[in-house]
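What follows is the content of query-v9.pdb (PDB, C-alpha atoms and all ligand atoms).
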ATOM      1  CA  MET A 355     200.551  94.884 -43.006
ATOM      2  CA  PRO A 356     199.444  91.251 -43.232
ATOM      3  CA  ALA A 357     198.272  89.916 -39.881
ATOM      4  CA  PRO A 358     200.112  86.979 -38.320
ATOM      5  CA  PHE A 359     199.133  83.687 -39.953
ATOM      6  CA  GLU A 360     197.864  82.143 -36.785
ATOM      7  CA  LYS A 361     194.857  83.554 -35.023
ATOM      8  CA  ASN A 362     194.156  80.607 -32.767
ATOM      9  CA  GLU A 363     194.916  76.982 -31.995
ATOM     10  CA  ILE A 364     192.857  75.685 -34.932
ATOM     11  CA  ASP A 365     194.833  77.845 -37.391
ATOM     12  CA  ARG A 366     198.087  76.657 -35.858
ATOM     13  CA  SER A 367     197.087  73.037 -36.008
ATOM     14  CA  MET A 368     195.925  73.290 -39.634
ATOM     15  CA  HIS A 369     199.090  75.063 -40.696
ATOM     16  CA  GLU A 370     201.276  72.363 -39.157
ATOM     17  CA  TYR A 371     199.056  69.726 -40.716
ATOM     18  CA  TYR A 372     199.361  71.017 -44.298
ATOM     19  CA  GLU A 373     203.059  71.724 -44.000
ATOM     20  CA  GLN A 374     203.635  68.115 -42.932
ATOM     21  CA  ARG A 375     201.057  66.700 -45.358
ATOM     22  CA  ALA A 376     202.530  68.306 -48.494
ATOM     23  CA  GLU A 377     204.627  65.228 -49.271
ATOM     24  CA  GLU A 378     201.605  62.914 -49.219
ATOM     25  CA  TYR A 379     198.842  65.377 -50.225
ATOM     26  CA  ASP A 380     198.414  64.039 -53.757
ATOM     27  CA  ASP A 381     197.681  60.541 -52.367
ATOM     28  CA  TRP A 382     194.186  61.957 -51.773
ATOM     29  CA  TYR A 383     193.667  62.873 -55.425
ATOM     30  CA  ASN A 384     195.330  59.664 -56.588
ATOM     31  CA  ARG A 385     193.391  57.480 -54.169
ATOM     32  CA  VAL A 386     196.438  55.669 -52.890
ATOM     33  CA  GLY A 387     197.372  54.567 -49.378
ATOM     34  CA  ARG A 388     194.740  55.470 -46.776
ATOM     35  CA  TYR A 389     192.485  56.924 -49.502
ATOM     36  CA  TYR A 390     192.285  53.746 -51.607
ATOM     37  CA  ASP A 391     188.704  52.479 -51.841
ATOM     38  CA  PRO A 392     187.889  49.988 -54.615
ATOM     39  CA  ALA A 393     184.150  50.633 -54.224
ATOM     40  CA  THR A 394     184.427  54.319 -55.139
ATOM     41  CA  ASN A 395     187.820  54.810 -56.838
ATOM     42  CA  ALA A 396     186.396  54.853 -60.378
ATOM     43  CA  ALA A 397     183.692  57.388 -59.506
ATOM     44  CA  TRP A 398     186.260  59.517 -57.679
ATOM     45  CA  HIS A 399     188.655  59.605 -60.632
ATOM     46  CA  ALA A 400     185.816  60.442 -63.026
ATOM     47  CA  GLN A 401     184.790  63.365 -60.832
ATOM     48  CA  VAL A 402     188.379  64.615 -60.410
ATOM     49  CA  ALA A 403     188.543  64.582 -64.232
ATOM     50  CA  GLU A 404     185.325  66.624 -64.302
ATOM     51  CA  LEU A 405     187.011  69.196 -62.036
ATOM     52  CA  GLY A 406     189.911  69.234 -64.503
ATOM     53  CA  ARG A 407     187.577  70.078 -67.381
ATOM     54  CA  GLU A 408     186.036  72.864 -65.297
ATOM     55  CA  ALA A 409     189.480  74.252 -64.365
ATOM     56  CA  ALA A 410     190.512  74.164 -68.050
ATOM     57  CA  ARG A 411     187.332  75.996 -69.093
ATOM     58  CA  PHE A 412     187.906  78.631 -66.409
ATOM     59  CA  GLY A 413     191.615  78.988 -67.220
ATOM     60  CA  GLY A 414     190.694  79.281 -70.905
ATOM     61  CA  MET A 415     189.359  82.776 -70.183
ATOM     62  CA  LEU A 416     192.938  83.919 -69.570
ATOM     63  CA  ASN A 417     193.726  84.290 -73.245
ATOM     64  CA  ARG A 418     190.972  86.820 -73.894
ATOM     65  CA  TYR A 419     193.491  89.647 -73.902
ATOM     66  CA  PRO A 420     197.226  90.057 -73.216
ATOM     67  CA  GLY A 421     198.463  90.362 -69.672
ATOM     68  CA  MET A 422     195.589  88.708 -67.844
ATOM     69  CA  ARG A 423     196.378  87.566 -64.303
ATOM     70  CA  ALA A 424     195.046  84.758 -62.140
ATOM     71  CA  LEU A 425     195.399  83.955 -58.449
ATOM     72  CA  ASP A 426     195.423  80.304 -57.357
ATOM     73  CA  LEU A 427     194.674  80.890 -53.690
ATOM     74  CA  CYS A 428     195.751  78.214 -51.195
ATOM     75  CA  CYS A 429     197.254  76.365 -54.165
ATOM     76  CA  GLY A 430     198.628  73.426 -52.173
ATOM     77  CA  THR A 431     200.699  71.128 -54.413
ATOM     78  CA  GLY A 432     199.535  73.079 -57.462
ATOM     79  CA  LYS A 433     197.148  70.426 -58.715
ATOM     80  CA  TRP A 434     195.094  73.048 -60.581
ATOM     81  CA  THR A 435     197.727  75.729 -61.271
ATOM     82  CA  PRO A 436     198.792  74.323 -64.686
ATOM     83  CA  PHE A 437     195.183  74.480 -65.899
ATOM     84  CA  PHE A 438     195.385  78.255 -65.509
ATOM     85  CA  ALA A 439     199.007  78.764 -66.592
ATOM     86  CA  ARG A 440     198.419  76.896 -69.877
ATOM     87  CA  SER A 441     196.061  79.534 -71.288
ATOM     88  CA  LEU A 442     198.088  82.597 -70.378
ATOM     89  CA  THR A 443     199.361  84.912 -73.064
ATOM     90  CA  GLU A 444     203.072  85.818 -73.146
ATOM     91  CA  THR A 445     202.509  88.675 -70.738
ATOM     92  CA  GLY A 446     199.992  86.922 -68.477
ATOM     93  CA  GLN A 447     200.773  85.545 -65.017
ATOM     94  CA  VAL A 448     199.443  83.097 -62.451
ATOM     95  CA  ILE A 449     200.265  83.581 -58.789
ATOM     96  CA  ALA A 450     200.288  80.352 -56.813
ATOM     97  CA  PHE A 451     199.673  81.423 -53.226
ATOM     98  CA  ASP A 452     199.837  79.426 -50.001
ATOM     99  CA  TYR A 453     201.228  79.864 -46.510
ATOM    100  CA  SER A 454     202.958  76.479 -46.521
ATOM    101  CA  PRO A 455     206.535  76.551 -47.874
ATOM    102  CA  ALA A 456     206.404  72.770 -48.398
ATOM    103  CA  MET A 457     203.215  73.077 -50.463
ATOM    104  CA  LEU A 458     204.717  75.884 -52.543
ATOM    105  CA  ALA A 459     207.836  73.777 -53.184
ATOM    106  CA  HIS A 460     205.644  70.918 -54.442
ATOM    107  CA  ALA A 461     203.649  73.277 -56.647
ATOM    108  CA  ARG A 462     206.850  74.635 -58.166
ATOM    109  CA  ALA A 463     208.167  71.121 -58.808
ATOM    110  CA  ARG A 464     204.894  70.160 -60.520
ATOM    111  CA  LEU A 465     205.038  73.134 -62.883
ATOM    112  CA  GLN A 466     208.711  72.489 -63.611
ATOM    113  CA  GLU A 467     207.986  68.843 -64.379
ATOM    114  CA  GLU A 468     204.988  69.570 -66.589
ATOM    115  CA  ASP A 469     206.495  72.352 -68.641
ATOM    116  CA  ALA A 470     209.225  74.868 -67.843
ATOM    117  CA  GLY A 471     207.296  77.352 -70.020
ATOM    118  CA  LEU A 472     204.436  77.209 -67.548
ATOM    119  CA  LEU A 473     206.841  77.728 -64.662
ATOM    120  CA  ALA A 474     208.104  80.919 -66.296
ATOM    121  CA  LYS A 475     204.577  82.367 -66.179
ATOM    122  CA  THR A 476     203.957  81.379 -62.543
ATOM    123  CA  ALA A 477     205.022  83.213 -59.406
ATOM    124  CA  PHE A 478     204.930  81.530 -55.994
ATOM    125  CA  VAL A 479     203.951  83.702 -53.066
ATOM    126  CA  ARG A 480     203.740  82.770 -49.410
ATOM    127  CA  GLY A 481     201.104  84.515 -47.357
ATOM    128  CA  ASP A 482     197.814  84.458 -45.489
ATOM    129  CA  ALA A 483     194.623  84.054 -47.522
ATOM    130  CA  TYR A 484     192.727  86.300 -45.105
ATOM    131  CA  PHE A 485     195.084  89.243 -45.683
ATOM    132  CA  LEU A 486     196.184  89.196 -49.303
ATOM    133  CA  PRO A 487     199.400  91.095 -50.065
ATOM    134  CA  PHE A 488     198.030  92.375 -53.387
ATOM    135  CA  ALA A 489     196.730  95.738 -54.540
ATOM    136  CA  ASP A 490     193.023  96.285 -55.197
ATOM    137  CA  GLN A 491     191.853  94.991 -58.595
ATOM    138  CA  SER A 492     194.982  92.917 -59.290
ATOM    139  CA  PHE A 493     193.411  89.797 -60.845
ATOM    140  CA  ASP A 494     191.074  88.810 -63.662
ATOM    141  CA  LEU A 495     190.470  85.315 -62.294
ATOM    142  CA  LEU A 496     190.644  83.915 -58.803
ATOM    143  CA  PHE A 497     190.450  80.248 -57.847
ATOM    144  CA  PHE A 498     190.443  78.410 -54.523
ATOM    145  CA  GLY A 499     190.172  74.656 -54.240
ATOM    146  CA  PHE A 500     189.303  72.796 -51.034
ATOM    147  CA  TRP A 501     189.995  75.850 -48.912
ATOM    148  CA  LEU A 502     186.559  77.329 -48.188
ATOM    149  CA  SER A 503     185.639  74.253 -46.155
ATOM    150  CA  HIS A 504     188.425  75.220 -43.713
ATOM    151  CA  VAL A 505     187.170  78.777 -43.213
ATOM    152  CA  PRO A 506     185.184  79.238 -39.964
ATOM    153  CA  HIS A 507     181.674  80.651 -40.469
ATOM    154  CA  GLU A 508     182.518  84.049 -39.009
ATOM    155  CA  ARG A 509     185.466  84.507 -41.386
ATOM    156  CA  VAL A 510     183.701  83.589 -44.652
ATOM    157  CA  ILE A 511     182.260  87.015 -45.497
ATOM    158  CA  PRO A 512     185.451  88.933 -44.529
ATOM    159  CA  PHE A 513     187.371  86.433 -46.691
ATOM    160  CA  PHE A 514     185.000  86.946 -49.645
ATOM    161  CA  ASN A 515     185.328  90.726 -49.272
ATOM    162  CA  GLU A 516     189.109  90.339 -49.317
ATOM    163  CA  ILE A 517     189.064  88.341 -52.571
ATOM    164  CA  LYS A 518     186.578  90.789 -54.077
ATOM    165  CA  ARG A 519     189.009  93.593 -53.246
ATOM    166  CA  VAL A 520     191.818  92.042 -55.301
ATOM    167  CA  LEU A 521     189.560  91.075 -58.238
ATOM    168  CA  LYS A 522     189.088  93.450 -61.148
ATOM    169  CA  PRO A 523     185.530  94.569 -61.884
ATOM    170  CA  GLY A 524     184.079  91.858 -64.132
ATOM    171  CA  GLY A 525     186.561  89.348 -62.692
ATOM    172  CA  ASN A 526     185.556  85.725 -62.141
ATOM    173  CA  VAL A 527     185.862  83.300 -59.238
ATOM    174  CA  LEU A 528     185.931  79.502 -59.352
ATOM    175  CA  VAL A 529     185.606  77.382 -56.209
ATOM    176  CA  PHE A 530     186.110  73.644 -55.786
ATOM    177  CA  ASP A 531     185.359  71.878 -52.559
ATOM    178  CA  SER A 532     183.991  68.753 -50.932
ATOM    179  CA  ALA A 533     180.203  68.467 -51.101
ATOM    180  CA  LEU A 534     177.871  67.839 -48.207
ATOM    181  CA  ARG A 535     176.411  64.410 -48.974
ATOM    182  CA  PRO A 536     174.996  61.442 -47.083
ATOM    183  CA  GLY A 537     177.460  60.037 -44.567
ATOM    184  CA  VAL A 538     179.557  63.220 -44.467
ATOM    185  CA  PRO A 539     179.155  65.608 -41.484
ATOM    186  CA  GLY A 540     178.115  69.192 -42.197
ATOM    187  CA  GLU A 541     180.762  70.472 -39.836
ATOM    188  CA  GLU A 542     183.426  68.879 -37.666
ATOM    189  CA  ILE A 543     186.863  69.231 -36.196
ATOM    190  CA  SER A 544     188.344  66.144 -37.791
ATOM    191  CA  ARG A 545     191.351  64.348 -36.365
ATOM    192  CA  ARG A 546     193.640  63.617 -39.296
ATOM    193  CA  PRO A 547     196.602  61.247 -39.152
ATOM    194  CA  LEU A 548     199.720  61.487 -41.313
ATOM    195  CA  LYS A 549     202.281  58.861 -42.331
ATOM    196  CA  ASN A 550     204.769  60.277 -39.807
ATOM    197  CA  GLY A 551     202.413  59.240 -36.983
ATOM    198  CA  SER A 552     201.251  62.758 -36.111
ATOM    199  CA  VAL A 553     197.532  63.548 -35.760
ATOM    200  CA  HIS A 554     196.070  67.011 -36.399
ATOM    201  CA  SER A 555     192.785  68.794 -35.643
ATOM    202  CA  VAL A 556     191.290  70.363 -38.751
ATOM    203  CA  LEU A 557     188.028  72.305 -39.149
ATOM    204  CA  LYS A 558     185.984  71.054 -42.098
ATOM    205  CA  ILE A 559     182.627  72.554 -43.121
ATOM    206  CA  ASN A 560     180.846  70.886 -46.032
ATOM    207  CA  TYR A 561     178.231  72.817 -48.008
ATOM    208  CA  THR A 562     175.459  71.918 -50.425
ATOM    209  CA  PRO A 563     175.437  73.696 -53.811
ATOM    210  CA  LEU A 564     172.540  75.867 -52.659
ATOM    211  CA  GLN A 565     174.371  76.891 -49.474
ATOM    212  CA  LEU A 566     177.511  77.741 -51.468
ATOM    213  CA  GLU A 567     175.572  79.733 -54.051
ATOM    214  CA  LYS A 568     173.855  81.736 -51.291
ATOM    215  CA  LEU A 569     177.125  82.372 -49.461
ATOM    216  CA  LEU A 570     178.851  83.660 -52.595
ATOM    217  CA  GLY A 571     175.713  85.675 -53.378
ATOM    218  CA  GLN A 572     176.128  87.643 -50.141
ATOM    219  CA  VAL A 573     179.176  89.370 -51.623
ATOM    220  CA  PHE A 574     179.152  88.786 -55.390
ATOM    221  CA  PRO A 575     176.372  90.055 -57.657
ATOM    222  CA  ARG A 576     176.343  86.792 -59.625
ATOM    223  CA  SER A 577     176.863  83.336 -58.175
ATOM    224  CA  ALA A 578     176.077  79.727 -59.061
ATOM    225  CA  ALA A 579     177.046  76.304 -57.733
ATOM    226  CA  ARG A 580     176.577  72.685 -58.641
ATOM    227  CA  GLN A 581     177.710  69.280 -57.476
ATOM    228  CA  THR A 582     179.527  66.594 -59.425
ATOM    229  CA  TYR A 583     177.789  63.223 -59.124
ATOM    230  CA  ASP A 584     178.529  63.121 -55.402
ATOM    231  CA  PHE A 585     182.003  64.096 -54.169
ATOM    232  CA  PHE A 586     182.609  67.692 -55.196
ATOM    233  CA  LEU A 587     181.163  71.193 -55.284
ATOM    234  CA  ILE A 588     181.862  73.623 -58.109
ATOM    235  CA  GLY A 589     180.994  77.238 -57.370
ATOM    236  CA  GLN A 590     181.301  80.298 -59.547
ATOM    237  CA  ALA A 591     180.936  83.991 -58.912
ATOM    238  CA  ALA A 592     181.489  87.177 -60.847
ATOM    239  CA  HIS A 593     182.393  90.590 -59.551
TER     240      HIS A 593
HETATM  241  C1  LIG B 601     193.045  71.321 -48.831
HETATM  242  S1  LIG B 601     194.502  72.125 -49.363
HETATM  243  C2  LIG B 601     193.988  72.610 -50.991
HETATM  244  C3  LIG B 601     195.112  72.662 -51.988
HETATM  245  C4  LIG B 601     194.707  73.001 -53.435
HETATM  246  N1  LIG B 601     193.984  74.242 -53.507
HETATM  247  C5  LIG B 601     193.890  71.911 -54.069
HETATM  248  O1  LIG B 601     192.772  72.201 -54.538
HETATM  249  O2  LIG B 601     194.379  70.785 -54.181
HETATM  250  C6  LIG B 601     194.415  73.642 -48.455
HETATM  251  C7  LIG B 601     195.630  74.521 -48.660
HETATM  252  O3  LIG B 601     195.381  75.760 -47.994
HETATM  253  C8  LIG B 601     196.600  76.211 -47.420
HETATM  254  N2  LIG B 601     196.200  77.164 -46.386
HETATM  255  C9  LIG B 601     195.488  76.907 -45.266
HETATM  256  N3  LIG B 601     195.250  78.046 -44.593
HETATM  257  C10 LIG B 601     195.831  79.055 -45.291
HETATM  258  C11 LIG B 601     195.922  80.454 -45.102
HETATM  259  N4  LIG B 601     195.366  81.067 -44.043
HETATM  260  N5  LIG B 601     196.570  81.182 -46.025
HETATM  261  C12 LIG B 601     197.156  80.594 -47.088
HETATM  262  N6  LIG B 601     197.117  79.252 -47.323
HETATM  263  C13 LIG B 601     196.447  78.498 -46.445
HETATM  264  C14 LIG B 601     197.271  74.940 -46.944
HETATM  265  O4  LIG B 601     198.652  75.093 -46.798
HETATM  266  C15 LIG B 601     196.911  73.963 -48.068
HETATM  267  O5  LIG B 601     197.915  73.955 -49.055
END
Taking this structure as input, can you express it in the form of structure tokens?
Amino acid sequence: MPAPFEKNEIDRSMHEYYEQRAEEYDDWYNRVGRYYDPATNAAWHAQVAELGREAARFGGMLNRYPGMRALDLCCGTGKWTPFFARSLTETGQVIAFDYSPAMLAHARARLQEEDAGLLAKTAFVRGDAYFLPFADQSFDLLFFGFWLSHVPHERVIPFFNEIKRVLKPGGNVLVFDSALRPGVPGEEISRRPLKNGSVHSVLKINYTPLQLEKLLGQVFPRSAARQTYDFFLIGQAAH
């Protein structure tokens, strides 16, 4: 049985935050509103595009044989889900997974808008990333973007063991996240405002590529990580 979604106050606060942020989440990617910064917008967009190329390369593995399956864990508004759905064969499937109903609704709308054919190959599942409601060895590929940085230190290895459980032997993992770089704290409980005036406490842990590679290496036999020019981390692991 999946455990309750909320273990403590930080979980509760983050869950409320993302549920309420769903409407404005893509402002972050698009650099509008509070995220607009003329000094770094161009570099940001170039690096988001680099993530897109990486997601497309990763998703491209899904047409190796019929019926391959991918899990987009903590999918949010589904920014990356189409990159995986596009390469699926007729019998393949992507599961877009999140605990936030508002996020899942946005992800569904994105797929619908992009291509109803992609929507047909995508299932939307609500649940807790720490207790996945999937059988052992269910997926060929597993992706999580900007989620690891919200996982407290003591839950990282149990979380990695949980994703390893649902991956097939030989399965691959792709991770995107924010990079630890000058001016960015390694770890903090940030206070994040939303347009509706609410403010939420959110745990954020930023890693270097080396730290990420070592963390993944504690559970996966092969791991690697790199940084885009400055903003993002791209990690990979294989089962
Ligand atoms: C920073 S967003 C990332 C969204 C998306 N992966 C991306 O790359 O744009 C984090 C997402 O994790 C979801 N989330 C947080 N904790 C979760 C949990 N325990 N189980 C499932 N989803 C969770 C939130 O609802 C939110 O959509």
- Message: Tell me which residues come within 10 Å of (206.8, 61.1, -41.3), as a PyMOL selection string, counting only C-alpha atoms in the file's coordinates.
- Response: chain A and resi 374-375+377-378+548-552
- Message: Report, in Å with one decimal, the straight-line distance from atom CA of A:Glu508 to atom CA of A:Ala456.
- Response: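 Between atom CA of A:Glu508 and atom CA of A:Ala456 the gap is 28.0 Å.
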- Query: Which of these residues is nearest to A:Lys433, using all atoms listed in the file: A:Gln447, A:Asn526, A:Asn384, A:Asn395?
  - Reply: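 Smallest separation from A:Lys433 among the options: A:Asn384.
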- Task: Convert the output of the PyMOL selection byres (((not hetatm)) within 6 of (chain B and resi 601)) on the shown file into explicit residues, formatted as a list in words.
- Result: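 Matching residues under the PyMOL selection byres (((not hetatm)) within 6 of (chain B and resi 601)) are Tyr372, Cys428, Cys429, Gly430, Lys433, Asp452, Tyr453, Ser454, Met457, Gly481, Asp482, Ala483, Tyr484, Phe498, Gly499, Phe500 and Trp501 of chain A.
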Those same residues, written as a short mmCIF file (atom, residue, chain, number, x, y, z; two decimals), keeping the file's coordinate frame with C-alpha atoms?
data_model
loop_
_atom_site.label_atom_id
_atom_site.label_comp_id
_atom_site.auth_asym_id
_atom_site.auth_seq_id
_atom_site.Cartn_x
_atom_site.Cartn_y
_atom_site.Cartn_z
CA TYR A 372 199.36 71.02 -44.30
CA CYS A 428 195.75 78.21 -51.20
CA CYS A 429 197.25 76.36 -54.16
CA GLY A 430 198.63 73.43 -52.17
CA LYS A 433 197.15 70.43 -58.72
CA ASP A 452 199.84 79.43 -50.00
CA TYR A 453 201.23 79.86 -46.51
CA SER A 454 202.96 76.48 -46.52
CA MET A 457 203.22 73.08 -50.46
CA GLY A 481 201.10 84.52 -47.36
CA ASP A 482 197.81 84.46 -45.49
CA ALA A 483 194.62 84.05 -47.52
CA TYR A 484 192.73 86.30 -45.10
CA PHE A 498 190.44 78.41 -54.52
CA GLY A 499 190.17 74.66 -54.24
CA PHE A 500 189.30 72.80 -51.03
CA TRP A 501 190.00 75.85 -48.91
#
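Minimum atom-to-atom distance to A:Leu587, evaluated using all atoms listed in the file, belongs to A:Gln401 out of A:Val556, A:Gln401, A:Ala424, A:Gly471.
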- Would you list the residues near (185.7, 87.4, -62.8) (no more than 8 Å away, in the coordinates of the file, using all atoms listed in the file) as a ChimeraX atom specification? /A:494-496,521-527,591-593
- Task: Counting all atoms listed in the file, figure out which residue out of A:Thr435, A:Asn515, A:Ser532, A:Gln565 gets nearest to A:Ala463.
- Result: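 Nearest candidate to A:Ala463 out of A:Thr435, A:Asn515, A:Ser532, A:Gln565: A:Thr435.
Nearest residue to A:Leu465, choosing from A:Asn417, A:Gln572, A:Thr431, A:Ser555 and counting all atoms listed in the file: A:Thr431.
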Applied to this file, what does the PyMOL selection byres (((chain A and resi 411) around 12) and not hetatm) return in terms of residues, put as a PDB file with C-alpha atoms, keeping the file's coordinate frame?
ATOM      1  CA  GLU A 404     185.325  66.624 -64.302  1.00  0.00           C
ATOM      2  CA  LEU A 405     187.011  69.196 -62.036  1.00  0.00           C
ATOM      3  CA  GLY A 406     189.911  69.234 -64.503  1.00  0.00           C
ATOM      4  CA  ARG A 407     187.577  70.078 -67.381  1.00  0.00           C
ATOM      5  CA  GLU A 408     186.036  72.864 -65.297  1.00  0.00           C
ATOM      6  CA  ALA A 409     189.480  74.252 -64.365  1.00  0.00           C
ATOM      7  CA  ALA A 410     190.512  74.164 -68.050  1.00  0.00           C
ATOM      8  CA  PHE A 412     187.906  78.631 -66.409  1.00  0.00           C
ATOM      9  CA  GLY A 413     191.615  78.988 -67.220  1.00  0.00           C
ATOM     10  CA  GLY A 414     190.694  79.281 -70.905  1.00  0.00           C
ATOM     11  CA  MET A 415     189.359  82.776 -70.183  1.00  0.00           C
ATOM     12  CA  LEU A 416     192.938  83.919 -69.570  1.00  0.00           C
ATOM     13  CA  ASN A 417     193.726  84.290 -73.245  1.00  0.00           C
ATOM     14  CA  TRP A 434     195.094  73.048 -60.581  1.00  0.00           C
ATOM     15  CA  PHE A 437     195.183  74.480 -65.899  1.00  0.00           C
ATOM     16  CA  PHE A 438     195.385  78.255 -65.509  1.00  0.00           C
ATOM     17  CA  ARG A 440     198.419  76.896 -69.877  1.00  0.00           C
ATOM     18  CA  SER A 441     196.061  79.534 -71.288  1.00  0.00           C
ATOM     19  CA  LEU A 495     190.470  85.315 -62.294  1.00  0.00           C
ATOM     20  CA  LEU A 528     185.931  79.502 -59.352  1.00  0.00           C
TER      21      LEU A 528
END
- Task: Can you give me, as a list of chain:residue names, the residues this file yields under the PyMOL selection byres (((chain A and resi 566) around 10) and not hetatm)?
- Result: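 Residues picked by the PyMOL selection byres (((chain A and resi 566) around 10) and not hetatm): A:Leu502, A:Val529, A:Asp531, A:Ala533, A:Asn560, A:Tyr561, A:Thr562, A:Pro563, A:Leu564, A:Gln565, A:Glu567, A:Lys568, A:Leu569, A:Leu570, A:Gly571, A:Ser577, A:Ala578, A:Ala579, A:Arg580, A:Leu587, A:Ile588, A:Gly589, A:Gln590.
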- Work out how far apart atom CA of A:Phe530 and atom CA of A:Pro420 are and give it in Å to one decimal.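 Going from atom CA of A:Phe530 over to atom CA of A:Pro420 covers 26.4 Å.
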Listed atoms of stretch 549-561 of chain A, axis-aligned box, 6 Å per side: centre and edge lengths to one decimal in Å, as JSON?
{"center_x": 191.5, "center_y": 65.8, "center_z": -41.8, "size_x": 38.5, "size_y": 26.0, "size_z": 24.4}
List every residue of stretch 451-515 of chain A that has an atom at most 12 Å from any atom of stretch 535-544 of chain A, and for each one report the closest atom pair and its distance in Å to one decimal, counting only C-alpha atoms, with rows sorted by chain and then by increasing residue number, as a Markdown table.
| residue | atom | partner | partner_atom | distance |
| --- | --- | --- | --- | --- |
| A:Ser503 | CA | A:Glu541 | CA | 8.8 |
| A:His504 | CA | A:Ile543 | CA | 9.7 |
| A:Val505 | CA | A:Glu541 | CA | 11.0 |
| A:Pro506 | CA | A:Glu541 | CA | 9.8 |
| A:His507 | CA | A:Glu541 | CA | 10.2 |
- Task: Have a look at A:Gln466, A:Glu370, A:Ala461, A:Asp584 and name the one nearest to A:Val479; count only C-alpha atoms.
- Result: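 Among A:Gln466, A:Glu370, A:Ala461, A:Asp584, it is A:Ala461 that comes nearest to A:Val479.
Coordinates place atom CA of A:Asp426 at a distance of 5.0 Å from atom CA of A:Phe497.
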- Task: Measuring atom to atom with only C-alpha atoms, identify which of A:Asp380, A:Phe513, A:Leu557, A:Leu534 is nearest to A:Tyr583.
- Result: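 Closest to A:Tyr583, using only C-alpha atoms: A:Leu534.
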Missing atoms in stretch 375-387 of chain A should be modelled up to N, CA and C atoms and reported as an mmCIF file, in the coordinates of the input.
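Below you can see out02.cif, which holds the result:
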data_model
loop_
_atom_site.group_PDB
_atom_site.id
_atom_site.type_symbol
_atom_site.label_atom_id
_atom_site.label_comp_id
_atom_site.auth_asym_id
_atom_site.auth_seq_id
_atom_site.Cartn_x
_atom_site.Cartn_y
_atom_site.Cartn_z
ATOM 1 N N ARG A 375 201.783 67.575 -44.416
ATOM 2 C CA ARG A 375 201.057 66.700 -45.358
ATOM 3 C C ARG A 375 201.502 66.899 -46.810
ATOM 4 N N ALA A 376 202.217 67.962 -47.097
ATOM 5 C CA ALA A 376 202.530 68.306 -48.494
ATOM 6 C C ALA A 376 203.061 67.106 -49.266
ATOM 7 N N GLU A 377 203.983 66.378 -48.639
ATOM 8 C CA GLU A 377 204.627 65.228 -49.271
ATOM 9 C C GLU A 377 203.610 64.173 -49.723
ATOM 10 N N GLU A 378 202.566 63.985 -48.934
ATOM 11 C CA GLU A 378 201.605 62.914 -49.219
ATOM 12 C C GLU A 378 200.244 63.454 -49.674
ATOM 13 N N TYR A 379 200.147 64.778 -49.917
ATOM 14 C CA TYR A 379 198.842 65.377 -50.225
ATOM 15 C C TYR A 379 198.198 64.761 -51.478
ATOM 16 N N ASP A 380 199.001 64.530 -52.508
ATOM 17 C CA ASP A 380 198.414 64.039 -53.757
ATOM 18 C C ASP A 380 197.918 62.598 -53.659
ATOM 19 N N ASP A 381 198.253 61.887 -52.584
ATOM 20 C CA ASP A 381 197.681 60.541 -52.367
ATOM 21 C C ASP A 381 196.153 60.624 -52.350
ATOM 22 N N TRP A 382 195.653 61.758 -51.855
ATOM 23 C CA TRP A 382 194.186 61.957 -51.773
ATOM 24 C C TRP A 382 193.575 61.997 -53.178
ATOM 25 N N TYR A 383 194.176 62.818 -54.047
ATOM 26 C CA TYR A 383 193.667 62.873 -55.425
ATOM 27 C C TYR A 383 193.848 61.527 -56.127
ATOM 28 N N ASN A 384 194.997 60.901 -55.862
ATOM 29 C CA ASN A 384 195.330 59.664 -56.588
ATOM 30 C C ASN A 384 194.699 58.422 -55.978
ATOM 31 N N ARG A 385 194.050 58.604 -54.843
ATOM 32 C CA ARG A 385 193.391 57.480 -54.169
ATOM 33 C C ARG A 385 194.366 56.343 -53.863
ATOM 34 N N VAL A 386 195.506 56.713 -53.310
ATOM 35 C CA VAL A 386 196.438 55.669 -52.890
ATOM 36 C C VAL A 386 196.587 55.709 -51.362
ATOM 37 N N GLY A 387 197.171 54.636 -50.825
ATOM 38 C CA GLY A 387 197.372 54.567 -49.378
ATOM 39 C C GLY A 387 196.049 54.586 -48.648
#
